[in-house]
file protein_8.cif (mmCIF, C-alpha atoms and all ligand atoms)
data_upload
loop_
_atom_site.label_atom_id
_atom_site.label_comp_id
_atom_site.auth_asym_id
_atom_site.auth_seq_id
_atom_site.Cartn_x
_atom_site.Cartn_y
_atom_site.Cartn_z
CA MET A 1 79.15 19.96 79.66
CA ALA A 2 79.66 19.33 75.95
CA SER A 3 76.40 19.31 74.06
CA SER A 4 77.29 16.09 72.25
CA VAL A 5 77.41 14.31 75.58
CA PHE A 6 74.41 16.03 77.04
CA PHE A 7 71.91 15.55 74.26
CA THR A 8 70.65 12.17 73.25
CA HIS A 9 70.09 11.17 69.64
CA SER A 10 66.36 11.69 70.07
CA HIS A 11 67.03 15.35 70.74
CA CYS A 12 66.78 15.86 66.99
CA TYR A 13 63.07 15.09 67.17
CA SER A 14 62.41 17.86 69.71
CA SER A 15 59.16 19.70 69.25
CA LYS A 16 58.49 23.42 69.41
CA PRO A 17 57.27 24.59 72.82
CA SER A 18 53.58 25.27 72.56
CA SER A 19 53.73 28.24 74.89
CA LEU A 20 56.49 30.02 73.06
CA VAL A 21 56.10 30.62 69.37
CA PHE A 22 58.78 32.96 68.04
CA ARG A 23 57.67 32.62 64.48
CA GLN A 24 55.12 30.65 62.56
CA VAL A 25 56.76 27.54 61.22
CA GLY A 26 55.04 25.87 58.31
CA VAL A 27 54.83 22.12 57.90
CA GLY A 28 57.39 20.98 55.38
CA PRO A 29 56.63 18.66 52.48
CA THR A 30 56.51 14.98 53.37
CA SER A 31 59.62 14.32 51.33
CA LEU A 32 61.56 16.29 53.94
CA ARG A 33 60.44 14.23 56.89
CA PHE A 34 62.87 11.82 58.43
CA SER A 35 62.51 8.20 57.31
CA SER A 36 63.72 5.31 59.44
CA SER A 37 65.99 3.93 56.72
CA HIS A 38 68.27 6.86 57.40
CA VAL A 39 69.15 5.66 60.86
CA ALA A 40 71.40 2.99 59.34
CA SER A 41 73.16 5.37 57.01
CA VAL A 42 73.74 7.86 59.79
CA ALA A 43 75.30 5.10 61.89
CA ALA A 44 77.49 4.02 58.98
CA MET A 45 78.79 7.52 58.47
CA ALA A 46 79.14 8.29 62.13
CA MET A 47 82.82 7.50 62.31
CA ASP A 48 84.52 10.86 62.08
CA SER A 49 84.03 12.80 65.25
CA SER A 50 86.90 15.15 64.47
CA ALA A 51 84.67 17.85 63.01
CA LYS A 52 85.47 21.36 64.06
CA VAL A 53 83.04 23.50 65.91
CA ILE A 54 82.97 26.88 64.20
CA ASP A 55 83.04 29.24 67.16
CA GLY A 56 80.93 32.22 66.10
CA LYS A 57 81.18 33.77 69.52
CA SER A 58 84.95 34.01 69.38
CA VAL A 59 84.95 35.16 65.75
CA ALA A 60 82.47 37.87 66.77
CA LYS A 61 84.75 38.88 69.64
CA GLN A 62 87.75 39.15 67.28
CA ILE A 63 85.72 41.29 64.88
CA ARG A 64 84.49 43.51 67.71
CA ASP A 65 88.08 44.02 68.85
CA GLU A 66 89.06 45.07 65.32
CA ILE A 67 86.10 47.47 65.19
CA THR A 68 86.90 48.92 68.62
CA ALA A 69 90.39 49.83 67.41
CA GLU A 70 89.05 51.43 64.23
CA VAL A 71 86.33 53.37 66.05
CA SER A 72 88.86 54.87 68.43
CA ARG A 73 91.32 55.67 65.60
CA MET A 74 88.50 57.49 63.84
CA ARG A 75 87.40 59.36 66.93
CA GLU A 76 90.97 60.44 67.70
CA SER A 77 91.83 61.52 64.15
CA ILE A 78 88.65 63.26 62.98
CA GLY A 79 86.44 63.41 66.08
CA VAL A 80 83.64 61.35 64.57
CA ILE A 81 81.82 58.58 66.45
CA PRO A 82 79.79 56.16 64.30
CA GLY A 83 76.08 56.03 65.22
CA LEU A 84 73.47 53.30 64.73
CA ALA A 85 69.72 53.91 65.06
CA VAL A 86 67.44 50.94 65.69
CA ILE A 87 63.68 51.17 65.25
CA LEU A 88 61.62 48.57 67.09
CA VAL A 89 57.86 48.48 66.60
CA GLY A 90 55.76 46.42 69.00
CA ASP A 91 56.72 44.25 71.94
CA ARG A 92 57.78 40.87 70.55
CA LYS A 93 60.02 39.34 73.18
CA ASP A 94 62.56 37.92 70.75
CA SER A 95 62.86 41.23 68.85
CA ALA A 96 63.35 43.12 72.12
CA THR A 97 66.14 40.69 73.06
CA TYR A 98 67.91 41.12 69.70
CA VAL A 99 67.65 44.91 69.92
CA ARG A 100 69.04 44.86 73.46
CA ASN A 101 71.94 42.67 72.28
CA LYS A 102 72.67 45.06 69.39
CA LYS A 103 72.72 48.01 71.79
CA LYS A 104 75.10 46.21 74.14
CA ALA A 105 77.35 45.31 71.20
CA CYS A 106 77.43 48.97 70.06
CA GLU A 107 78.45 50.08 73.54
CA SER A 108 81.18 47.46 73.68
CA VAL A 109 82.93 48.87 70.58
CA GLY A 110 82.28 52.58 71.19
CA ILE A 111 79.54 53.05 68.56
CA ASN A 112 76.70 55.40 69.60
CA SER A 113 73.34 53.71 69.65
CA LEU A 114 69.97 55.41 69.35
CA GLU A 115 66.77 53.52 69.83
CA ALA A 116 63.15 54.22 68.91
CA ASN A 117 60.63 51.94 70.57
CA LEU A 118 57.22 52.44 69.00
CA PRO A 119 53.99 50.80 70.17
CA GLU A 120 52.49 47.90 68.22
CA ASP A 121 49.56 50.05 67.04
CA SER A 122 51.75 52.80 65.55
CA THR A 123 50.92 53.85 62.02
CA GLU A 124 53.18 53.28 59.06
CA GLU A 125 53.47 57.05 58.79
CA GLU A 126 54.88 57.31 62.31
CA VAL A 127 57.57 54.77 61.46
CA LEU A 128 58.32 56.63 58.21
CA ASN A 129 58.68 59.86 60.22
CA TYR A 130 61.30 58.27 62.45
CA ILE A 131 63.16 57.00 59.40
CA ALA A 132 63.06 60.47 57.82
CA GLY A 133 64.47 61.97 61.03
CA TYR A 134 67.36 59.48 61.12
CA ASN A 135 67.94 59.87 57.36
CA ASP A 136 68.56 63.59 57.97
CA ASP A 137 70.56 63.21 61.20
CA PRO A 138 74.31 63.41 60.44
CA SER A 139 75.19 61.66 63.71
CA VAL A 140 73.36 58.54 62.46
CA HIS A 141 75.38 56.42 60.03
CA GLY A 142 73.22 53.32 60.08
CA ILE A 143 69.47 52.69 60.38
CA LEU A 144 67.99 49.31 61.22
CA VAL A 145 64.26 48.60 61.28
CA GLN A 146 63.81 45.42 63.29
CA LEU A 147 61.79 42.77 61.43
CA PRO A 148 59.17 41.43 61.44
CA LEU A 149 57.01 44.56 61.51
CA PRO A 150 53.40 44.40 62.72
CA SER A 151 51.18 42.95 60.00
CA HIS A 152 49.29 46.21 59.35
CA MET A 153 52.47 47.80 58.02
CA ASN A 154 53.87 47.58 54.53
CA GLU A 155 57.41 46.28 55.00
CA GLN A 156 58.39 47.23 51.47
CA ASN A 157 57.43 50.90 51.90
CA ILE A 158 59.33 51.08 55.15
CA LEU A 159 62.53 49.40 53.96
CA ASN A 160 62.51 51.53 50.79
CA ALA A 161 62.43 54.67 52.94
CA VAL A 162 65.83 54.03 54.55
CA ARG A 163 68.50 56.08 52.76
CA ILE A 164 70.66 53.65 50.82
CA GLU A 165 73.80 55.26 52.33
CA LYS A 166 72.52 54.32 55.82
CA ASP A 167 71.07 50.89 54.95
CA VAL A 168 73.38 48.87 57.22
CA ASP A 169 71.00 45.88 57.03
CA GLY A 170 71.54 45.84 53.26
CA PHE A 171 67.81 45.29 52.69
CA HIS A 172 67.18 48.23 50.33
CA PRO A 173 66.27 46.91 46.85
CA LEU A 174 69.10 48.93 45.31
CA ASN A 175 71.64 47.24 47.57
CA ILE A 176 70.16 43.79 46.91
CA GLY A 177 69.97 44.53 43.18
CA ARG A 178 73.64 45.48 43.05
CA LEU A 179 74.53 42.37 45.05
CA ALA A 180 72.85 40.30 42.33
CA MET A 181 74.67 41.98 39.43
CA ARG A 182 78.14 41.22 38.15
CA GLY A 183 80.48 44.18 38.25
CA ARG A 184 78.28 46.13 40.67
CA GLU A 185 78.96 46.67 44.35
CA PRO A 186 76.27 47.14 46.98
CA LEU A 187 76.96 49.81 49.62
CA PHE A 188 76.11 47.21 52.29
CA VAL A 189 75.84 43.43 52.34
CA PRO A 190 73.10 41.96 54.62
CA CYS A 191 74.58 41.09 58.01
CA THR A 192 73.58 37.45 58.46
CA PRO A 193 74.77 36.21 55.03
CA LYS A 194 77.90 38.35 55.33
CA GLY A 195 78.57 36.73 58.70
CA CYS A 196 78.15 33.25 57.16
CA ILE A 197 80.84 34.01 54.56
CA GLU A 198 83.05 35.58 57.22
CA LEU A 199 82.85 32.35 59.24
CA LEU A 200 83.80 30.29 56.17
CA HIS A 201 86.77 32.59 55.50
CA ARG A 202 88.00 32.65 59.09
CA TYR A 203 87.89 28.84 59.19
CA ASN A 204 89.76 28.63 55.86
CA ALA A 205 86.95 26.79 54.12
CA SER A 206 87.54 27.18 50.40
CA ILE A 207 84.49 28.34 48.47
CA LYS A 208 85.72 28.76 44.90
CA GLY A 209 84.55 25.93 42.66
CA LYS A 210 82.74 24.17 45.53
CA ARG A 211 79.16 22.99 45.44
CA ALA A 212 77.11 25.03 47.89
CA VAL A 213 73.50 24.49 48.86
CA VAL A 214 71.48 27.19 50.57
CA ILE A 215 68.32 25.95 52.25
CA GLY A 216 65.79 28.81 52.35
CA ARG A 217 65.30 31.75 49.97
CA SER A 218 64.14 34.61 52.19
CA ASN A 219 65.03 38.17 51.26
CA ILE A 220 67.00 38.64 54.47
CA VAL A 221 69.03 35.40 54.62
CA GLY A 222 68.70 32.64 52.01
CA MET A 223 68.61 34.69 48.82
CA PRO A 224 71.48 37.06 49.66
CA ALA A 225 73.51 34.12 51.06
CA ALA A 226 73.17 32.35 47.70
CA LEU A 227 74.20 35.52 45.85
CA LEU A 228 77.27 35.95 48.06
CA LEU A 229 78.36 32.34 47.60
CA GLN A 230 78.00 32.78 43.87
CA ARG A 231 80.12 35.95 44.00
CA GLU A 232 82.74 33.80 45.76
CA ASP A 233 82.67 31.43 42.77
CA ALA A 234 80.77 28.56 44.36
CA THR A 235 78.25 26.61 42.27
CA VAL A 236 75.05 27.30 44.15
CA SER A 237 71.74 25.47 44.48
CA ILE A 238 68.81 26.81 46.45
CA VAL A 239 66.45 24.44 48.25
CA HIS A 240 63.05 25.75 49.41
CA SER A 241 59.70 24.47 50.57
CA ARG A 242 58.66 23.41 47.07
CA THR A 243 61.88 21.54 46.24
CA SER A 244 60.95 17.98 45.35
CA ASN A 245 64.20 16.16 46.15
CA PRO A 246 65.89 18.23 48.85
CA GLU A 247 67.90 15.45 50.48
CA GLU A 248 69.46 14.44 47.18
CA ILE A 249 70.52 18.02 46.43
CA ILE A 250 71.77 18.73 49.94
CA ARG A 251 73.85 15.53 49.93
CA GLN A 252 75.93 16.91 47.05
CA ALA A 253 76.96 20.01 48.95
CA ASP A 254 80.50 20.79 50.08
CA ILE A 255 79.03 23.82 51.86
CA ILE A 256 75.55 23.96 53.40
CA ILE A 257 73.94 27.17 54.61
CA ALA A 258 70.67 26.30 56.34
CA ALA A 259 68.21 29.17 56.89
CA VAL A 260 64.82 27.56 57.19
CA GLY A 261 63.36 27.97 60.66
CA GLN A 262 62.64 24.23 61.17
CA ALA A 263 64.27 22.69 64.24
CA ASN A 264 66.76 19.92 63.39
CA MET A 265 65.40 19.47 59.88
CA VAL A 266 68.72 18.52 58.24
CA ARG A 267 69.70 15.04 59.38
CA GLY A 268 73.12 13.42 59.39
CA SER A 269 72.22 11.17 56.47
CA TRP A 270 71.62 14.23 54.27
CA ILE A 271 75.17 15.46 54.71
CA LYS A 272 78.13 14.65 52.48
CA PRO A 273 81.06 13.50 54.66
CA GLY A 274 83.47 16.41 55.12
CA ALA A 275 80.96 19.15 54.25
CA VAL A 276 81.11 22.51 56.04
CA ILE A 277 77.82 23.52 57.64
CA ILE A 278 76.63 26.99 58.54
CA ASP A 279 73.41 26.73 60.53
CA VAL A 280 71.49 30.01 60.59
CA GLY A 281 68.30 28.64 62.15
CA ILE A 282 67.25 29.83 65.59
CA ASN A 283 64.42 27.62 66.81
CA PRO A 284 63.07 27.41 70.36
CA VAL A 285 62.30 23.85 71.50
CA GLU A 286 60.94 22.66 74.83
CA ASP A 287 63.60 21.87 77.40
CA PRO A 288 62.48 21.14 80.94
CA ASN A 289 66.14 21.24 82.07
CA SER A 290 66.52 24.87 81.10
CA PRO A 291 65.42 27.59 83.52
CA ARG A 292 63.58 29.28 80.63
CA GLY A 293 61.72 26.05 79.81
CA TYR A 294 63.11 26.06 76.30
CA LYS A 295 66.41 26.10 74.47
CA LEU A 296 67.49 27.22 71.02
CA VAL A 297 68.44 24.73 68.31
CA GLY A 298 69.37 25.17 64.67
CA ASP A 299 67.93 23.86 61.41
CA VAL A 300 70.57 21.12 61.39
CA CYS A 301 70.65 18.19 63.78
CA TYR A 302 73.92 19.18 65.42
CA GLU A 303 74.78 15.89 67.14
CA GLU A 304 74.50 14.01 63.86
CA ALA A 305 76.16 16.71 61.75
CA ILE A 306 79.23 17.02 63.97
CA ARG A 307 80.08 13.36 63.24
CA ILE A 308 79.86 13.67 59.49
CA ALA A 309 80.77 17.22 58.55
CA SER A 310 84.26 18.70 58.72
CA ALA A 311 83.01 21.84 60.48
CA VAL A 312 79.68 22.99 61.91
CA THR A 313 78.36 26.17 63.54
CA PRO A 314 76.55 25.57 66.83
CA VAL A 315 73.27 27.21 67.86
CA PRO A 316 73.52 29.30 69.93
CA GLY A 317 77.06 30.66 69.53
CA GLY A 318 77.41 30.38 65.76
CA VAL A 319 75.88 32.69 63.18
CA GLY A 320 73.89 34.82 65.68
CA PRO A 321 76.81 36.62 67.34
CA THR A 322 78.56 37.02 63.97
CA THR A 323 75.44 38.72 62.55
CA ILE A 324 75.64 41.39 65.23
CA ALA A 325 79.38 41.86 64.63
CA MET A 326 78.63 42.43 60.91
CA LEU A 327 76.05 45.07 61.82
CA LEU A 328 78.71 46.95 63.77
CA GLN A 329 81.11 46.52 60.86
CA ASN A 330 78.55 47.91 58.40
CA THR A 331 77.95 50.91 60.67
CA LEU A 332 81.70 51.59 60.79
CA ILE A 333 81.96 51.21 56.99
CA SER A 334 79.14 53.74 56.60
CA ALA A 335 80.73 56.32 58.92
CA LYS A 336 84.12 55.90 57.21
CA ARG A 337 82.55 56.32 53.78
CA VAL A 338 80.60 59.48 54.58
CA HIS A 339 83.61 61.10 56.27
CA HIS A 340 86.11 59.87 53.65
CA PHE A 341 88.12 58.22 56.42
CA GLU A 342 90.46 55.47 55.23
N1 LIG B 1 71.33 33.82 63.31
C1 LIG B 1 70.86 34.91 62.76
O1 LIG B 1 71.52 35.92 62.75
C2 LIG B 1 69.53 34.89 62.10
C3 LIG B 1 68.76 33.76 62.21
N2 LIG B 1 67.58 33.68 61.57
C4 LIG B 1 66.87 32.40 61.67
O2 LIG B 1 67.02 31.72 60.43
C5 LIG B 1 65.87 30.98 60.09
C6 LIG B 1 65.33 31.44 58.76
O3 LIG B 1 64.97 32.80 58.85
P1 LIG B 1 64.28 33.58 57.61
O4 LIG B 1 65.08 33.40 56.40
O5 LIG B 1 63.97 34.93 58.11
O6 LIG B 1 62.92 32.71 57.50
P2 LIG B 1 61.71 32.75 56.46
O7 LIG B 1 60.59 32.07 57.15
O8 LIG B 1 61.54 34.12 55.91
O9 LIG B 1 62.22 31.82 55.26
C7 LIG B 1 62.35 30.45 55.43
C8 LIG B 1 62.77 29.82 54.13
O10 LIG B 1 62.87 28.43 54.33
C9 LIG B 1 62.10 27.74 53.36
N3 LIG B 1 61.50 26.56 53.97
C10 LIG B 1 60.53 26.48 54.91
N4 LIG B 1 60.27 25.20 55.22
C11 LIG B 1 61.07 24.46 54.44
C12 LIG B 1 61.27 23.07 54.29
N5 LIG B 1 60.59 22.19 55.01
N6 LIG B 1 62.20 22.65 53.41
C13 LIG B 1 62.93 23.52 52.67
N7 LIG B 1 62.79 24.87 52.79
C14 LIG B 1 61.88 25.31 53.66
C15 LIG B 1 61.03 28.71 52.91
O11 LIG B 1 60.65 28.33 51.61
P3 LIG B 1 59.57 29.13 50.72
O12 LIG B 1 60.34 30.32 50.19
O13 LIG B 1 59.18 28.18 49.67
O14 LIG B 1 58.48 29.53 51.64
C16 LIG B 1 61.77 30.03 52.99
O15 LIG B 1 62.46 30.29 51.80
C17 LIG B 1 64.92 31.20 61.29
O16 LIG B 1 65.12 30.16 62.21
C18 LIG B 1 65.40 32.51 61.89
O17 LIG B 1 65.10 32.63 63.26
C19 LIG B 1 67.10 34.70 60.78
C20 LIG B 1 67.83 35.86 60.65
C21 LIG B 1 69.08 36.05 61.33
N1 LIG B 2 66.19 44.33 60.44
C1 LIG B 2 66.55 43.15 60.96
N2 LIG B 2 67.86 42.78 60.88
C2 LIG B 2 68.27 41.58 61.40
O1 LIG B 2 69.47 41.22 61.31
C3 LIG B 2 67.30 40.74 62.05
C4 LIG B 2 65.98 41.19 62.11
N3 LIG B 2 65.64 42.38 61.56
N4 LIG B 2 65.03 40.43 62.70
C5 LIG B 2 65.33 39.17 63.36
C6 LIG B 2 66.58 38.51 62.79
C7 LIG B 2 67.21 37.54 63.75
N5 LIG B 2 68.52 38.06 64.04
C8 LIG B 2 69.38 37.55 65.00
C9 LIG B 2 70.52 38.20 65.41
C10 LIG B 2 71.32 37.69 66.44
C11 LIG B 2 71.00 36.51 67.07
C12 LIG B 2 71.85 36.01 68.19
O2 LIG B 2 72.78 36.65 68.61
N6 LIG B 2 71.58 34.81 68.74
C13 LIG B 2 72.31 34.20 69.82
C14 LIG B 2 71.37 33.62 70.87
C15 LIG B 2 70.55 34.65 71.58
C16 LIG B 2 69.65 34.06 72.67
O3 LIG B 2 70.12 33.26 73.48
O4 LIG B 2 68.45 34.42 72.68
C17 LIG B 2 73.15 33.04 69.27
O5 LIG B 2 72.76 32.49 68.23
O6 LIG B 2 74.13 32.69 69.90
C18 LIG B 2 69.87 35.84 66.66
C19 LIG B 2 69.08 36.34 65.64
C20 LIG B 2 68.69 39.23 63.36
N7 LIG B 2 67.64 39.51 62.62
#
call {"tool": "encode", "arguments": {"input": "protein_8.cif", "output": "structure tokens"}}
result
Amino acid sequence: MASSVFFTHSHCYSSKPSSLVFRQVGVGPTSLRFSSSHVASVAAMAMDSSAKVIDGKSVAKQIRDEITAEVSRMRESIGVIPGLAVILVGDRKDSATYVRNKKKACESVGINSLEANLPEDSTEEEVLNYIAGYNDDPSVHGILVQLPLPSHMNEQNILNAVRIEKDVDGFHPLNIGRLAMRGREPLFVPCTPKGCIELLHRYNASIKGKRAVVIGRSNIVGMPAALLLQREDATVSIVHSRTSNPEEIIRQADIIIAAVGQANMVRGSWIKPGAVIIDVGINPVEDPNSPRGYKLVGDVCYEEAIRIASAVTPVPGGVGPTTIAMLLQNTLISAKRVHHFE
């Protein structure tokens, strides 16, 4: 059943399930809360239901097919199989699910996957030892340390330890630094923001000269997404938890990338008619109709957005699958680079 039929308008008020907290979500400033006067403006704008659903799942499938072909061409010509090592510390359910999905995705394209599952109470040194081992292992072309790490570990020390040539997450400060500089090229671009741009390209959304607003400024999504949009010649604004007039800024955007972690925060009345929306948020909300007792929703109220925007990514099935496809792509890029394979 189509989600627009299934969910009622009030769905956008859904609360986080108390029993299942994937991440700590802070309370946003009052200026970001929904005010009743917006109901009217949403209704007034709710006339165009022709918005496109940006199908991240099928884009991811296309990319995986392209990678599968390249991986086998490489194996047949030079006998090299790309390898990805994933380090998971602790037993967070959501992290375990993502790591499992990454492993499955590797298998589906013929990339070797290695996995290190370390207990929650491991020391930083133990994690660093694993990284050192993978840094020196020529069969490993990419290393990913699943975040978040347990709080007793220094994330910065750990991410700095990954060899820049194997930093398929693109989180090493040298890669991020190059991403921020004109005329410099990072060895890897972070997967989630890269996937957002890939979705815009594959749906022919023009970026050059457009006004883009990124909501969120984290090191892993918001900040690199803003840098990438800027590299594509968009005029970029960044909205964060201390922004005083977020709705006003967001309403000017031709392109919105939302990476906040607040279920349904962006309402229809905040969206410029015809805007393209990339919703990165993955937020669990209570859903008695689901066998799991919860469902995932984005940072954007999808049912409202789909009526006003020209294109929107759904959650699930939008940015998430594309992120994993970009990880595979980065691993292939790494293996090709080290073996000088064109
Ligand atoms: N689909 C995918 O592949 C991925 C999805 N995600 C999802 O994306 C979302 C964001 O992840 P991540 O970037 O890691 O999250 P973080 O919590 O690290 O960052 C959230 C950002 O949002 C800002 N923010 C928080 N509340 C508000 C608010 N009310 N108004 C405006 N800005 C706000 C914060 O501002 P400030 O800096 O001021 O604190 C911060 O910059 C999450 O739902 C996560 O699950 C994440 C990675 C990959
Ligand atoms: N070093 C590191 N690199 C990351 O890239 C990284 C990370 N740590 N930590 C956590 C976040 C989150 N993330 C997601 C990837 C895929 C989906 C995904 O495929 N989601 C499915 C839904 C999956 C489900 O149903 O549970 C979808 O949106 O359709 C979600 C989230 C990568 N992250």
call {"tool": "residues_near_ligand", "arguments": {"input": "protein_8.cif", "ligand": "ligand LIG 2 (chain B)", "cutoff": "7 Å", "atoms": "only C-alpha atoms and all ligand atoms", "output": "PyMOL selection string"}}
result
chain A and resi 95+97-98+144-148+169+191-192+282+315-321+323-324
call {"tool": "residues_near_point", "arguments": {"input": "protein_8.cif", "point": "(54.7, 55.9, 62.0)", "cutoff": "12 Å", "atoms": "only C-alpha atoms", "output": "PyMOL selection string"}}
result
chain A and resi 87-90+116-133+149-150+152-154+157-158+161
call {"tool": "residues_near_ligand", "arguments": {"input": "protein_8.cif", "ligand": "ligand LIG 1 (chain B)", "cutoff": "6 Å", "atoms": "all atoms listed in the file", "output": "count of residues only"}}
result
24
call {"tool": "residues_near_point", "arguments": {"input": "protein_8.cif", "point": "(70.3, 25.1, 49.6)", "cutoff": "8 Å", "atoms": "only C-alpha atoms", "output": "PyMOL selection string"}}
result
chain A and resi 212-216+236-240+249-250+256-258
call {"tool": "atom_distance", "arguments": {"input": "protein_8.cif", "atom1": "CA of Met265 in chain A", "atom2": "CA of Glu303 in chain A"}}
result
12.4 Å
call {"tool": "residues_around", "arguments": {"input": "protein_8.cif", "residues": "Ser77 in chain A", "least_positions_apart": "6", "cutoff": "12 Å", "atoms": "only C-alpha atoms", "output": "list of chain:residue names"}}
result
A:Glu70, A:Val71, A:Lys336, A:His339, A:Phe341, A:Glu342
call {"tool": "closest_residue", "arguments": {"input": "protein_8.cif", "among": "A:Ile277, A:Ile306, A:Leu84, A:Val162", "to": "Asn175 in chain A", "atoms": "only C-alpha atoms"}}
result
A:Val162
